[in-house]
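Visitor: Attaching a single structure in structure tokens format; questions to follow.
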Amino acid sequence: MKNIFILLLLISQVTIAQKLKKQEKTVIDDLKTSINYLASDQLEGRLTGSAGEKLAYEYIADEFKKVGLVAKGNDNSYIQPFTIEEGKEILPSTHFIINDTDIDQNEFFPMAFSGNGEVKGNVSPSFQEKGMPWFLDIKEIMQENENNPHFDLNTAIRNKAADCKQKGASALIVYNSSPSLEDLGFDGKSKTAIIDFPIVYLKSNVSKKYLSDNTANLNIDVKTDLANKSRTGHNVIGFMDNGAAHTIIIGAHYDHLGRGEEGGTLGGSKGEIYNGADDNASGTAAVIELAKYLKEAKLKNNNYLFICFSGEEEGLFGSKYFTNNPPIPLDQVNYMINFDMVGRLNDSSKLLTIGCFGTSPFWGKILPEKSKVITVKLDSSGIGPSDHTSFYLKNIPVLFFFTGSHKDYHRPTDDADKINFIGELRIIQYVENILKETNSVEKIAFSKTRDTEMSTAHFTVTLGFMPDYTFQGSGVRADEIIDGKIAQRAGMKAGDVIVKLGDYPVTDINNYMEALSKFKKGDSTNVTVLRGNETKSLNVEFQ
């Protein structure tokens, strides 16, 4: 029976293949070539700024060159580089020497808000002399706040450090003599403001050995040397100039999760390769195939710009950079099409989600298009977890194509052998029809949508704004305030930087989300924001 089933399956697949036209078979072969390469282990998951990303953008640029696209990156190339600031790193020159013993860097670390500097002296943990290193045992602080749900240990240490600095300490050495385990480590992504003197934390093995006797005299040599850490990502941009007044942008991100170095994974062991065949080698391949199609098509009433973004997985960095540094004027852009995960069209449901339906009244005239091979589900919102959001925020109509999530999403099992290549072909053909429909019309109108907030699954409440994930300052900057949501009713404006939510300081997106998780529907609190040079406190009630 099993052999009969396999035979019938093979016959069915052959029958489907026989129905394909010669050109369609060519497209499928090309999709396989692109996706198999981009999702191969050789590219190690295409992490932004990695060697694998370089192999990927070289491949895409070469494909754009074969098509004959004009290079629209920097210096007459297809590549548009951009910087991702990763935070801080501890440089090797950082050291802690006590009684001539050089402590291993695994046994101590500078606090993320430490300044750089070197301090030496003969000191005692019990004595605080101006101009010398001081010691801080956090045992008492932890005991006092054991039942305080609003207590944050890092904030408490920073406040103590600021006080010690003001009183004359030249450095602060922090340790914990209590049996309670402290959850501390070097947080390189923290954007907490720096206190300009060395602040180090000694782990328990060292503190027990050297600091058990408060009256001991210790020769200390402490040096903190922290530096900003960054990576360079690379967008790939090609232009088809038809001499038209307006340009249609067709894009997809090509980066993925590498070996899970930057998080965002939902499974897999440390060091495994996240190949990202569906997410988003599939979308990248679709962009390449549409460039080939439009090179030969007679759709010349628009120019076409093809872009493959990097940095999407870490916060839409590439598309954000592109829209702030466009190689063509954005007011000449007709609309933008974004492909993200279009490789898993279900053979049974044939369901394709098209997002951003509400970003132009024109979409209602041509969508959904009747199709024998695709069932369309429409979503109105212009904001979503992919690169079209960066264009929507610039008042550009967008469409977002997506075949749905699956059990391999953000896991090492998202491999090329699971791609539905015929399904992806049908999606490309569907988009070709949209391009035909818009070839005979003028620039289409933009409209705002009633948006839903991104990434709210872990919280029972939200404020209702789109964060600027590329913001490098302290706090969380609002890129877009969503109509009708709590933030708008409270008076927040685009550009406001949240620095405090209730009693919780906010320095970055991570502790903003942590603070948000403390609230539930019905709670009221204050949101402190920076608006230019002003500090404002806004009242919110979570609903």
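Following the order of the structure tokens, first chain is A, next is B, and so on, with residues numbered from 1 inside each chain and ligands from 1 in the order they appear.
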Identify, on the basis of only C-alpha atoms, every residue whose closest approach to Ser190 of chain A does not exceed 9 Å; exclude the query and any residue fewer than 6 positions from it along the same chain; express the result as a JSON list (two decimals) with all heavy atoms, in the first residue's frame.

Guide:
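Below you can see selection-v6.json, which holds the result:
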```json
[["chain", "number", "residue", "atom", "x", "y", "z"],
["A", 87, "GLY", "N", 25.80, 48.24, 20.64],
["A", 87, "GLY", "CA", 25.97, 48.54, 22.05],
["A", 87, "GLY", "C", 27.44, 48.64, 22.39],
["A", 87, "GLY", "O", 28.22, 49.26, 21.67],
["A", 88, "LYS", "N", 27.84, 48.01, 23.49],
["A", 88, "LYS", "CA", 29.22, 48.12, 23.98],
["A", 88, "LYS", "C", 29.86, 46.75, 24.09],
["A", 88, "LYS", "O", 29.17, 45.74, 24.23],
["A", 88, "LYS", "CB", 29.23, 48.80, 25.36],
["A", 88, "LYS", "CG", 28.57, 50.16, 25.40],
["A", 88, "LYS", "CD", 28.43, 50.64, 26.83],
["A", 88, "LYS", "CE", 27.62, 51.92, 26.89],
["A", 88, "LYS", "NZ", 27.36, 52.33, 28.29],
["A", 112, "ALA", "N", 27.53, 48.13, 32.63],
["A", 112, "ALA", "CA", 27.33, 48.75, 31.31],
["A", 112, "ALA", "C", 27.35, 50.27, 31.39],
["A", 112, "ALA", "O", 27.66, 50.94, 30.39],
["A", 112, "ALA", "CB", 26.02, 48.28, 30.70],
["A", 113, "PHE", "N", 27.05, 50.83, 32.56],
["A", 113, "PHE", "CA", 27.04, 52.29, 32.72],
["A", 113, "PHE", "C", 28.36, 52.81, 33.28],
["A", 113, "PHE", "O", 28.47, 53.96, 33.71],
["A", 113, "PHE", "CB", 25.87, 52.74, 33.61],
["A", 113, "PHE", "CG", 25.67, 51.90, 34.84],
["A", 113, "PHE", "CD1", 26.43, 52.10, 35.97],
["A", 113, "PHE", "CD2", 24.70, 50.91, 34.85],
["A", 113, "PHE", "CE1", 26.24, 51.32, 37.11],
["A", 113, "PHE", "CE2", 24.49, 50.13, 35.98],
["A", 113, "PHE", "CZ", 25.26, 50.33, 37.11],
["A", 474, "SER", "N", 19.06, 56.76, 24.52],
["A", 474, "SER", "CA", 18.49, 56.09, 25.68],
["A", 474, "SER", "C", 16.98, 56.29, 25.67],
["A", 474, "SER", "O", 16.48, 57.41, 25.50],
["A", 474, "SER", "CB", 19.09, 56.66, 26.97],
["A", 474, "SER", "OG", 18.57, 55.99, 28.10],
["A", 507, "THR", "N", 15.26, 52.42, 29.15],
["A", 507, "THR", "CA", 16.46, 52.81, 28.42],
["A", 507, "THR", "C", 16.53, 52.20, 27.03],
["A", 507, "THR", "O", 17.24, 52.69, 26.17],
["A", 507, "THR", "CB", 17.73, 52.41, 29.20],
["A", 507, "THR", "OG1", 17.74, 50.99, 29.40],
["A", 507, "THR", "CG2", 17.78, 53.11, 30.55],
["A", 508, "ASP", "N", 15.79, 51.10, 26.82],
["A", 508, "ASP", "CA", 15.81, 50.45, 25.52],
["A", 508, "ASP", "C", 14.53, 49.63, 25.35],
["A", 508, "ASP", "O", 13.70, 49.55, 26.26],
["A", 508, "ASP", "CB", 17.05, 49.58, 25.34],
["A", 508, "ASP", "CG", 17.24, 48.56, 26.44],
["A", 508, "ASP", "OD1", 16.21, 48.01, 26.91],
["A", 508, "ASP", "OD2", 18.39, 48.28, 26.83],
["A", 510, "ASN", "N", 14.07, 46.50, 25.28],
["A", 510, "ASN", "CA", 13.96, 45.32, 26.13],
["A", 510, "ASN", "C", 13.35, 45.64, 27.49],
["A", 510, "ASN", "O", 12.43, 44.96, 27.95],
["A", 510, "ASN", "CB", 15.33, 44.66, 26.30],
["A", 510, "ASN", "CG", 15.84, 44.07, 25.00],
["A", 510, "ASN", "OD1", 15.08, 43.48, 24.25],
["A", 510, "ASN", "ND2", 17.13, 44.22, 24.74]]
```

Visitor: Per DSSP on the backbone, filter segment 356-496 of chain A down to the residues in strand (DSSP E or B) and report them as a ChimeraX atom specification.

Guide: /A:375-378,398-402,465-467,476-481

Visitor: Take the residues from that selection and put them in a file with all heavy atoms, as a compact mmCIF listing (two decimals), in the first residue's frame.

Guide:
```txt
# COMPACT_ATOMS: atom_id res chain seq x y z
N THR A 375 -6.08 31.54 -3.12
CA THR A 375 -7.15 32.12 -2.31
C THR A 375 -6.56 33.28 -1.52
O THR A 375 -5.58 33.11 -0.81
CB THR A 375 -7.72 31.07 -1.34
OG1 THR A 375 -8.21 29.96 -2.09
CG2 THR A 375 -8.85 31.67 -0.51
N VAL A 376 -7.15 34.45 -1.66
CA VAL A 376 -6.57 35.65 -1.07
C VAL A 376 -7.26 36.00 0.24
O VAL A 376 -8.50 36.01 0.33
CB VAL A 376 -6.68 36.84 -2.05
CG1 VAL A 376 -6.25 38.14 -1.38
CG2 VAL A 376 -5.82 36.59 -3.28
N LYS A 377 -6.45 36.29 1.25
CA LYS A 377 -6.93 36.85 2.50
C LYS A 377 -6.34 38.24 2.63
O LYS A 377 -5.13 38.42 2.55
CB LYS A 377 -6.51 35.98 3.69
CG LYS A 377 -6.90 36.56 5.04
CD LYS A 377 -6.36 35.70 6.18
CE LYS A 377 -6.67 36.32 7.53
NZ LYS A 377 -6.08 35.53 8.66
N LEU A 378 -7.20 39.24 2.83
CA LEU A 378 -6.74 40.63 2.88
C LEU A 378 -6.63 41.12 4.31
O LEU A 378 -7.45 40.80 5.16
CB LEU A 378 -7.70 41.52 2.10
CG LEU A 378 -7.84 41.23 0.60
CD1 LEU A 378 -8.92 42.10 -0.01
CD2 LEU A 378 -6.51 41.47 -0.11
N VAL A 398 1.63 50.50 0.12
CA VAL A 398 2.40 49.25 0.14
C VAL A 398 1.47 48.05 0.01
O VAL A 398 0.27 48.14 0.29
CB VAL A 398 3.24 49.13 1.44
CG1 VAL A 398 4.37 50.12 1.46
CG2 VAL A 398 2.36 49.31 2.68
N LEU A 399 2.04 46.95 -0.42
CA LEU A 399 1.39 45.64 -0.37
C LEU A 399 2.39 44.64 0.18
O LEU A 399 3.57 44.66 -0.20
CB LEU A 399 0.91 45.20 -1.75
CG LEU A 399 -0.35 45.86 -2.31
CD1 LEU A 399 -0.64 45.32 -3.72
CD2 LEU A 399 -1.56 45.66 -1.41
N PHE A 400 1.91 43.76 1.04
CA PHE A 400 2.77 42.80 1.73
C PHE A 400 2.26 41.39 1.43
O PHE A 400 1.12 41.07 1.73
CB PHE A 400 2.74 43.10 3.23
CG PHE A 400 3.36 42.06 4.11
CD1 PHE A 400 4.57 41.47 3.77
CD2 PHE A 400 2.75 41.68 5.30
CE1 PHE A 400 5.15 40.51 4.60
CE2 PHE A 400 3.32 40.73 6.14
CZ PHE A 400 4.52 40.15 5.78
N PHE A 401 3.14 40.55 0.87
CA PHE A 401 2.76 39.19 0.47
C PHE A 401 3.40 38.17 1.41
O PHE A 401 4.61 38.20 1.65
CB PHE A 401 3.17 38.94 -0.98
CG PHE A 401 2.38 39.75 -1.96
CD1 PHE A 401 2.72 41.06 -2.24
CD2 PHE A 401 1.25 39.22 -2.56
CE1 PHE A 401 1.98 41.83 -3.11
CE2 PHE A 401 0.50 39.97 -3.45
CZ PHE A 401 0.86 41.28 -3.73
N PHE A 402 2.56 37.23 1.88
CA PHE A 402 2.97 36.33 2.97
C PHE A 402 2.13 35.06 2.90
O PHE A 402 0.89 35.13 2.83
CB PHE A 402 2.74 37.08 4.28
CG PHE A 402 2.95 36.29 5.54
CD1 PHE A 402 4.19 35.72 5.83
CD2 PHE A 402 1.93 36.16 6.48
CE1 PHE A 402 4.38 35.02 7.02
CE2 PHE A 402 2.12 35.46 7.66
CZ PHE A 402 3.35 34.90 7.93
N PHE A 465 1.85 52.10 19.72
CA PHE A 465 2.73 52.89 18.86
C PHE A 465 3.73 51.96 18.20
O PHE A 465 3.94 50.83 18.63
CB PHE A 465 3.46 53.99 19.64
CG PHE A 465 4.52 53.48 20.59
CD1 PHE A 465 5.85 53.40 20.20
CD2 PHE A 465 4.19 53.06 21.86
CE1 PHE A 465 6.82 52.92 21.06
CE2 PHE A 465 5.15 52.59 22.74
CZ PHE A 465 6.47 52.51 22.33
N MET A 466 4.33 52.45 17.13
CA MET A 466 5.36 51.69 16.41
C MET A 466 6.73 52.17 16.88
O MET A 466 7.09 53.33 16.68
CB MET A 466 5.21 51.93 14.90
CG MET A 466 6.32 51.35 14.06
SD MET A 466 6.34 49.55 14.10
CE MET A 466 7.85 49.24 13.17
N PRO A 467 7.52 51.31 17.56
CA PRO A 467 8.84 51.74 18.03
C PRO A 467 9.82 51.92 16.87
O PRO A 467 9.72 51.24 15.86
CB PRO A 467 9.29 50.59 18.94
CG PRO A 467 8.12 49.69 19.10
CD PRO A 467 7.23 49.92 17.94
N VAL A 476 12.95 54.67 24.34
CA VAL A 476 12.29 54.06 23.18
C VAL A 476 11.58 55.17 22.42
O VAL A 476 10.67 55.81 22.95
CB VAL A 476 11.30 52.96 23.60
CG1 VAL A 476 10.53 52.45 22.40
CG2 VAL A 476 12.05 51.81 24.27
N ARG A 477 11.99 55.35 21.18
CA ARG A 477 11.41 56.42 20.35
C ARG A 477 10.19 55.89 19.60
O ARG A 477 10.21 54.79 19.04
CB ARG A 477 12.44 56.94 19.35
CG ARG A 477 11.96 58.07 18.48
CD ARG A 477 13.04 58.48 17.48
NE ARG A 477 12.59 59.56 16.64
CZ ARG A 477 11.90 59.40 15.51
NH1 ARG A 477 11.56 58.19 15.11
NH2 ARG A 477 11.54 60.44 14.79
N ALA A 478 9.12 56.69 19.58
CA ALA A 478 7.91 56.34 18.85
C ALA A 478 8.03 56.81 17.40
O ALA A 478 8.15 58.00 17.14
CB ALA A 478 6.69 56.98 19.51
N ASP A 479 8.01 55.86 16.48
CA ASP A 479 8.08 56.18 15.06
C ASP A 479 6.71 56.58 14.52
O ASP A 479 6.60 57.43 13.64
CB ASP A 479 8.59 54.96 14.28
CG ASP A 479 9.65 55.33 13.26
OD1 ASP A 479 10.03 56.51 13.19
OD2 ASP A 479 10.11 54.43 12.54
N GLU A 480 5.68 55.94 15.04
CA GLU A 480 4.32 56.19 14.57
C GLU A 480 3.36 55.94 15.72
O GLU A 480 3.47 54.95 16.44
CB GLU A 480 3.98 55.24 13.40
CG GLU A 480 2.54 55.30 12.93
CD GLU A 480 2.27 56.43 11.97
OE1 GLU A 480 3.20 57.20 11.67
OE2 GLU A 480 1.12 56.54 11.50
N ILE A 481 2.43 56.88 15.92
CA ILE A 481 1.38 56.70 16.93
C ILE A 481 0.15 56.14 16.23
O ILE A 481 -0.33 56.71 15.25
CB ILE A 481 1.03 58.05 17.61
CG1 ILE A 481 2.30 58.68 18.20
CG2 ILE A 481 -0.01 57.83 18.70
CD1 ILE A 481 3.01 57.87 19.24
```

Visitor: What does the structure give for the distance between atom CA of Gly532 of chain A and atom CA of Ala494 of chain A, in Å to one decimal?

Guide: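 Computing the Euclidean distance for atom CA of Gly532 of chain A and atom CA of Ala494 of chain A yields 11.2 Å.
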
Visitor: Quick one: of A:Ile195, A:Leu136, A:Ala445, A:Ile328, who's nearest to Asn176 of chain A, counting only C-alpha atoms?

Guide: A:Leu136

Visitor: Find the residues near Leu330 of chain A: any atom within 12 Å, counting only C-alpha atoms, skip ones fewer than 2 places away on the same chain, and give them as a list in words.

Guide: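 Here the answer would be Ala245, His246, Thr247, Ile248, Ile249, Leu305, Phe322, Thr323, Asn324, Asn325, Pro326, Pro327, Ile328, Gln332, Val333, Asn334, Tyr335, Met336, Ser390, Phe391, Tyr392, Leu393, Lys394, Asn395, Ile396 and Pro397 of chain A.
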
Visitor: Kindly export the residues of the current selection with N, CA and C atoms, as an mmCIF file, in the first residue's frame.

Guide:
```cif
data_model
loop_
_atom_site.group_PDB
_atom_site.id
_atom_site.type_symbol
_atom_site.label_atom_id
_atom_site.label_comp_id
_atom_site.auth_asym_id
_atom_site.auth_seq_id
_atom_site.Cartn_x
_atom_site.Cartn_y
_atom_site.Cartn_z
ATOM 1 N N ALA A 245 7.759 58.961 -14.876
ATOM 2 C CA ALA A 245 7.702 59.951 -13.799
ATOM 3 C C ALA A 245 7.743 59.307 -12.424
ATOM 4 N N HIS A 246 7.270 58.059 -12.351
ATOM 5 C CA HIS A 246 7.153 57.408 -11.046
ATOM 6 C C HIS A 246 7.823 56.037 -11.051
ATOM 7 N N THR A 247 8.122 55.570 -9.843
ATOM 8 C CA THR A 247 8.864 54.313 -9.676
ATOM 9 C C THR A 247 8.129 53.387 -8.726
ATOM 10 N N ILE A 248 8.026 52.138 -9.104
ATOM 11 C CA ILE A 248 7.498 51.093 -8.228
ATOM 12 C C ILE A 248 8.680 50.374 -7.584
ATOM 13 N N ILE A 249 8.624 50.217 -6.267
ATOM 14 C CA ILE A 249 9.689 49.524 -5.536
ATOM 15 C C ILE A 249 9.240 48.101 -5.227
ATOM 16 N N LEU A 305 12.389 49.871 -9.096
ATOM 17 C CA LEU A 305 13.563 49.761 -8.241
ATOM 18 C C LEU A 305 13.444 48.470 -7.441
ATOM 19 N N PHE A 322 17.266 52.855 4.148
ATOM 20 C CA PHE A 322 16.963 53.178 2.755
ATOM 21 C C PHE A 322 15.976 54.325 2.657
ATOM 22 N N THR A 323 14.899 54.285 3.440
ATOM 23 C CA THR A 323 13.884 55.333 3.335
ATOM 24 C C THR A 323 14.375 56.676 3.869
ATOM 25 N N ASN A 324 15.401 56.653 4.705
ATOM 26 C CA ASN A 324 16.012 57.911 5.165
ATOM 27 C C ASN A 324 17.158 58.364 4.262
ATOM 28 N N ASN A 325 17.638 57.464 3.403
ATOM 29 C CA ASN A 325 18.747 57.780 2.492
ATOM 30 C C ASN A 325 18.440 57.209 1.103
ATOM 31 N N PRO A 326 17.327 57.622 0.503
ATOM 32 C CA PRO A 326 16.901 57.000 -0.759
ATOM 33 C C PRO A 326 17.732 57.475 -1.947
ATOM 34 N N PRO A 327 18.061 56.569 -2.862
ATOM 35 C CA PRO A 327 18.803 56.969 -4.066
ATOM 36 C C PRO A 327 17.916 57.648 -5.108
ATOM 37 N N ILE A 328 16.592 57.575 -4.918
ATOM 38 C CA ILE A 328 15.649 58.320 -5.750
ATOM 39 C C ILE A 328 14.717 59.073 -4.810
ATOM 40 N N GLN A 332 8.625 60.468 -5.691
ATOM 41 C CA GLN A 332 8.439 59.901 -7.021
ATOM 42 C C GLN A 332 8.038 58.418 -6.972
ATOM 43 N N VAL A 333 7.982 57.867 -5.758
ATOM 44 C CA VAL A 333 7.636 56.449 -5.617
ATOM 45 C C VAL A 333 6.133 56.276 -5.752
ATOM 46 N N ASN A 334 5.720 55.376 -6.623
ATOM 47 C CA ASN A 334 4.304 55.080 -6.822
ATOM 48 C C ASN A 334 3.783 54.223 -5.668
ATOM 49 N N TYR A 335 4.382 53.059 -5.477
ATOM 50 C CA TYR A 335 4.035 52.198 -4.356
ATOM 51 C C TYR A 335 5.155 51.194 -4.154
ATOM 52 N N MET A 336 5.062 50.418 -3.076
ATOM 53 C CA MET A 336 6.081 49.436 -2.734
ATOM 54 C C MET A 336 5.442 48.077 -2.520
ATOM 55 N N SER A 390 8.505 50.497 6.917
ATOM 56 C CA SER A 390 9.353 51.683 6.752
ATOM 57 C C SER A 390 8.833 52.583 5.637
ATOM 58 N N PHE A 391 8.213 52.000 4.621
ATOM 59 C CA PHE A 391 7.671 52.778 3.509
ATOM 60 C C PHE A 391 6.310 53.359 3.859
ATOM 61 N N TYR A 392 5.498 52.583 4.542
ATOM 62 C CA TYR A 392 4.197 53.084 4.988
ATOM 63 C C TYR A 392 4.381 54.322 5.867
ATOM 64 N N LEU A 393 5.387 54.303 6.730
ATOM 65 C CA LEU A 393 5.632 55.441 7.614
ATOM 66 C C LEU A 393 6.104 56.680 6.856
ATOM 67 N N LYS A 394 6.460 56.514 5.583
ATOM 68 C CA LYS A 394 6.799 57.648 4.706
ATOM 69 C C LYS A 394 5.626 57.992 3.784
ATOM 70 N N ASN A 395 4.433 57.503 4.113
ATOM 71 C CA ASN A 395 3.210 57.790 3.351
ATOM 72 C C ASN A 395 3.268 57.259 1.927
ATOM 73 N N ILE A 396 3.808 56.064 1.783
ATOM 74 C CA ILE A 396 3.877 55.379 0.492
ATOM 75 C C ILE A 396 2.937 54.164 0.540
ATOM 76 N N PRO A 397 2.044 54.007 -0.455
ATOM 77 C CA PRO A 397 1.193 52.809 -0.484
ATOM 78 C C PRO A 397 2.052 51.549 -0.573
#
```

Visitor: Considering only alpha helix (DSSP H) as DSSP defines it on the backbone, what residues of segment 79-272 of chain A qualify? List them as a ChimeraX atom specification.

Guide: /A:139-144,153-167,204-210

Visitor: Please save N, CA, C and O atoms of the selected residues as a tab-separated table (two decimals), in the first residue's frame.

Guide:
```tsv
chain	number	residue	atom	x	y	z
A	139	LYS	N	24.26	43.25	49.40
A	139	LYS	CA	23.47	42.35	50.25
A	139	LYS	C	22.30	43.08	50.91
A	139	LYS	O	21.15	42.64	50.84
A	140	GLU	N	22.57	44.22	51.52
A	140	GLU	CA	21.54	44.95	52.25
A	140	GLU	C	20.47	45.49	51.30
A	140	GLU	O	19.27	45.44	51.61
A	141	ILE	N	20.89	45.98	50.14
A	141	ILE	CA	19.93	46.51	49.16
A	141	ILE	C	18.96	45.41	48.73
A	141	ILE	O	17.75	45.62	48.63
A	142	MET	N	19.50	44.22	48.48
A	142	MET	CA	18.66	43.11	48.02
A	142	MET	C	17.69	42.67	49.11
A	142	MET	O	16.52	42.37	48.84
A	143	GLN	N	18.17	42.64	50.35
A	143	GLN	CA	17.30	42.23	51.45
A	143	GLN	C	16.17	43.23	51.68
A	143	GLN	O	15.02	42.86	51.92
A	144	GLU	N	16.49	44.53	51.58
A	144	GLU	CA	15.49	45.57	51.79
A	144	GLU	C	14.39	45.53	50.72
A	144	GLU	O	13.25	45.92	50.99
A	153	LEU	N	17.61	45.80	40.27
A	153	LEU	CA	18.92	45.79	40.89
A	153	LEU	C	19.92	46.67	40.14
A	153	LEU	O	20.69	47.42	40.77
A	154	ASN	N	19.91	46.61	38.81
A	154	ASN	CA	20.85	47.43	38.04
A	154	ASN	C	20.62	48.92	38.29
A	154	ASN	O	21.57	49.69	38.42
A	155	THR	N	19.34	49.31	38.34
A	155	THR	CA	19.03	50.72	38.62
A	155	THR	C	19.49	51.12	40.01
A	155	THR	O	20.04	52.22	40.20
A	156	ALA	N	19.29	50.24	40.97
A	156	ALA	CA	19.72	50.54	42.33
A	156	ALA	C	21.23	50.70	42.41
A	156	ALA	O	21.74	51.62	43.08
A	157	ILE	N	21.98	49.83	41.72
A	157	ILE	CA	23.44	49.95	41.73
A	157	ILE	C	23.88	51.24	41.05
A	157	ILE	O	24.78	51.94	41.53
A	158	ARG	N	23.22	51.57	39.94
A	158	ARG	CA	23.59	52.81	39.25
A	158	ARG	C	23.35	54.03	40.14
A	158	ARG	O	24.17	54.95	40.20
A	159	ASN	N	22.23	54.05	40.85
A	159	ASN	CA	21.94	55.18	41.75
A	159	ASN	C	22.98	55.28	42.86
A	159	ASN	O	23.43	56.38	43.22
A	160	LYS	N	23.37	54.14	43.41
A	160	LYS	CA	24.42	54.14	44.45
A	160	LYS	C	25.75	54.62	43.87
A	160	LYS	O	26.49	55.36	44.52
A	161	ALA	N	26.06	54.17	42.65
A	161	ALA	CA	27.31	54.58	42.01
A	161	ALA	C	27.35	56.08	41.79
A	161	ALA	O	28.38	56.73	42.02
A	162	ALA	N	26.24	56.66	41.35
A	162	ALA	CA	26.18	58.11	41.14
A	162	ALA	C	26.42	58.85	42.45
A	162	ALA	O	27.12	59.87	42.49
A	163	ASP	N	25.85	58.32	43.54
A	163	ASP	CA	26.03	58.94	44.86
A	163	ASP	C	27.48	58.84	45.32
A	163	ASP	O	28.05	59.82	45.83
A	164	CYS	N	28.11	57.68	45.10
A	164	CYS	CA	29.52	57.50	45.50
A	164	CYS	C	30.43	58.42	44.69
A	164	CYS	O	31.38	59.00	45.23
A	165	LYS	N	30.16	58.55	43.40
A	165	LYS	CA	30.94	59.44	42.55
A	165	LYS	C	30.87	60.87	43.06
A	165	LYS	O	31.88	61.58	43.16
A	166	GLN	N	29.66	61.30	43.41
A	166	GLN	CA	29.46	62.67	43.89
A	166	GLN	C	30.19	62.90	45.21
A	166	GLN	O	30.69	64.01	45.47
A	167	LYS	N	30.29	61.87	46.03
A	167	LYS	CA	30.93	62.02	47.34
A	167	LYS	C	32.45	61.88	47.29
A	167	LYS	O	33.11	62.00	48.33
A	204	SER	N	31.12	36.04	42.93
A	204	SER	CA	31.20	35.52	44.30
A	204	SER	C	32.52	34.83	44.62
A	204	SER	O	33.03	34.94	45.75
A	205	ASN	N	33.10	34.10	43.67
A	205	ASN	CA	34.36	33.40	43.95
A	205	ASN	C	35.45	34.36	44.39
A	205	ASN	O	36.21	34.09	45.32
A	206	VAL	N	35.53	35.49	43.70
A	206	VAL	CA	36.56	36.49	44.02
A	206	VAL	C	36.22	37.24	45.29
A	206	VAL	O	37.09	37.45	46.17
A	207	SER	N	34.97	37.66	45.42
A	207	SER	CA	34.60	38.46	46.60
A	207	SER	C	34.76	37.65	47.89
A	207	SER	O	35.19	38.19	48.92
A	208	LYS	N	34.43	36.35	47.85
A	208	LYS	CA	34.59	35.52	49.06
A	208	LYS	C	36.06	35.39	49.44
A	208	LYS	O	36.41	35.37	50.62
A	209	LYS	N	36.91	35.32	48.44
A	209	LYS	CA	38.33	35.12	48.70
A	209	LYS	C	39.00	36.37	49.26
A	209	LYS	O	39.84	36.29	50.18
A	210	TYR	N	38.63	37.54	48.71
A	210	TYR	CA	39.36	38.75	49.06
A	210	TYR	C	38.61	39.74	49.94
A	210	TYR	O	39.23	40.59	50.59
```

Visitor: Compile the contact shell of segment 422-436 of chain A as a ChimeraX atom specification: residues with an atom at most 7 Å away, counting only C-alpha atoms, same-chain residues fewer than 2 positions apart removed.

Guide: /A:28,286,299,342-343,345,420,438-439

Visitor: Restricted to C-alpha atoms, what would the selected residues look like written as an mmCIF file, in the first residue's frame?

Guide:
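Once written, part_4.cif looks like this:
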```
data_model
loop_
_atom_site.group_PDB
_atom_site.id
_atom_site.type_symbol
_atom_site.label_atom_id
_atom_site.label_comp_id
_atom_site.auth_asym_id
_atom_site.auth_seq_id
_atom_site.Cartn_x
_atom_site.Cartn_y
_atom_site.Cartn_z
ATOM 1 C CA ILE A 28 10.854 27.402 -11.081
ATOM 2 C CA ALA A 286 10.838 36.433 -6.018
ATOM 3 C CA LEU A 299 5.110 47.590 -18.700
ATOM 4 C CA VAL A 342 6.194 33.447 0.251
ATOM 5 C CA GLY A 343 7.583 29.921 -0.120
ATOM 6 C CA LEU A 345 1.777 28.209 -0.160
ATOM 7 C CA ASN A 420 6.553 25.006 -2.596
ATOM 8 C CA THR A 438 -1.061 49.709 -12.380
ATOM 9 C CA ASN A 439 0.800 50.230 -15.642
#
```

Visitor: Do a neighbour search on segment 514-527 of chain A at 7 Å with only C-alpha atoms, toss out local chain neighbours closer than 4 positions, and write the hits as number ranges by chain.

Guide: A: 459-461, 498, 500-502, 504, 510, 537-543
